[in-house]
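Undergrad: Dumping the structure here so I can ask a few things about it.
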Amino acid sequence: MVADIVMYILLVIGLFFSFVGVLGILRMHDVYGRLQASTCIPTLGNICLMIAGVIYAATHSMGGSTIVKLVILMLMILCTNPISNPALLKGAYKGGVKPAKELVIDDYKEDDPE
């Protein structure tokens, strides 16, 4: 069935991006790279997994409440993950966490009124 093939493809894509996010957390040298890997990459992975869940729920007659819950979770992930990354990065910068290498462009220093 076509829906099952699409669901399996989305599962593989979602697992790939989630795996890449975990590898990014392990491989990055400083908190800034780790935050980037832990928020942006798994967002796409989680969205693909949720869409696969919606397809599975729709094709296997699991009911509308399951689909609504998955869509709400998807929207929450889309709203919170990309917003949390800059907030956490700015908090780390203002907290005095030094990057592994010298910054080429320091936009947060320009924003700081001090």
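If you're wondering about the labels, chains in the structure tokens are A, B, ... by order shown, residues count from 1 in each chain, ligands from 1 in order shown.
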So that I can check the surroundings of Met76 of chain A, please list as an mmCIF file with C-alpha atoms, in the first residue's frame every protein, DNA and RNA residue that reaches within 12 Å of it, counting only C-alpha atoms and ignoring chain neighbours fewer than 6 positions away.

TA:
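Saved file out_19.cif follows:
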```cif
data_model
loop_
_atom_site.group_PDB
_atom_site.id
_atom_site.type_symbol
_atom_site.label_atom_id
_atom_site.label_comp_id
_atom_site.auth_asym_id
_atom_site.auth_seq_id
_atom_site.Cartn_x
_atom_site.Cartn_y
_atom_site.Cartn_z
ATOM 1 C CA THR A 43 13.012 19.124 14.991
ATOM 2 C CA ASN A 46 10.458 14.571 15.136
ATOM 3 C CA ILE A 47 8.169 16.182 12.584
ATOM 4 C CA MET A 50 4.870 12.556 13.833
ATOM 5 C CA LYS A 69 -2.912 14.608 19.640
ATOM 6 C CA LEU A 70 -0.136 13.975 17.113
ATOM 7 C CA PRO A 82 13.323 26.817 16.944
ATOM 8 C CA ILE A 83 12.475 29.492 19.529
ATOM 9 C CA SER A 84 14.371 27.836 22.359
#
```

Undergrad: Identify, on the basis of only C-alpha atoms, every residue whose closest approach to segment 1-14 of chain A does not exceed 6 Å; exclude the query and any residue fewer than 6 positions from it along the same chain; express the result as a ChimeraX atom specification.

TA: /A:45,48-49,52

Undergrad: What would the file look like if the residues just selected were written as a short mmCIF file (atom, residue, chain, number, x, y, z; two decimals), in the first residue's frame with C-alpha atoms?

TA:
```cif
data_model
loop_
_atom_site.label_atom_id
_atom_site.label_comp_id
_atom_site.auth_asym_id
_atom_site.auth_seq_id
_atom_site.Cartn_x
_atom_site.Cartn_y
_atom_site.Cartn_z
CA GLY A 45 13.30 14.27 12.65
CA CYS A 48 8.78 13.34 10.12
CA LEU A 49 8.09 10.78 12.86
CA ALA A 52 4.38 8.98 9.94
#
```

Undergrad: DSSP on the backbone: what in chain A comes out helix (DSSP H, G or I), as a PyMOL selection string?

TA: chain A and resi 2-27+31-59+64-94+107-111

Undergrad: With distances taken over only C-alpha atoms, which of A:Arg34, A:Lys109, A:His29, A:His60 is nearest to Tyr93 of chain A?

TA: A:Lys109

Undergrad: Within 9 Å of Cys40 of chain A, counting only C-alpha atoms, which residues show up once you throw out same-chain ones fewer than 6 positions away? Write them as a CSV table (one decimal) with all heavy atoms, in the first residue's frame, please.

TA:
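Once written, part.csv looks like this:
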```csv
chain,number,residue,atom,x,y,z
A,21,GLY,N,21.3,14.3,14.9
A,21,GLY,CA,21.3,15.2,16.0
A,21,GLY,C,22.1,14.7,17.2
A,21,GLY,O,22.8,15.4,17.9
A,81,ASN,N,10.9,24.4,19.6
A,81,ASN,CA,12.3,24.0,19.4
A,81,ASN,C,13.1,25.2,18.7
A,81,ASN,O,14.1,25.5,19.1
A,81,ASN,CB,12.4,22.7,18.6
A,81,ASN,CG,12.4,21.5,19.5
A,81,ASN,OD1,12.3,21.6,20.7
A,81,ASN,ND2,12.5,20.4,18.9
A,82,PRO,N,12.6,25.7,17.6
A,82,PRO,CA,13.3,26.8,16.9
A,82,PRO,C,13.4,28.1,17.8
A,82,PRO,O,14.3,28.9,17.6
A,82,PRO,CB,12.6,27.1,15.6
A,82,PRO,CG,11.8,25.9,15.4
A,82,PRO,CD,11.4,25.3,16.7
A,85,ASN,N,16.2,27.6,20.8
A,85,ASN,CA,17.7,27.6,20.4
A,85,ASN,C,18.3,29.0,20.6
A,85,ASN,O,19.3,29.1,21.3
A,85,ASN,CB,17.8,27.1,19.0
A,85,ASN,CG,19.3,26.9,18.7
A,85,ASN,OD1,20.1,26.8,19.5
A,85,ASN,ND2,19.6,26.8,17.4
```
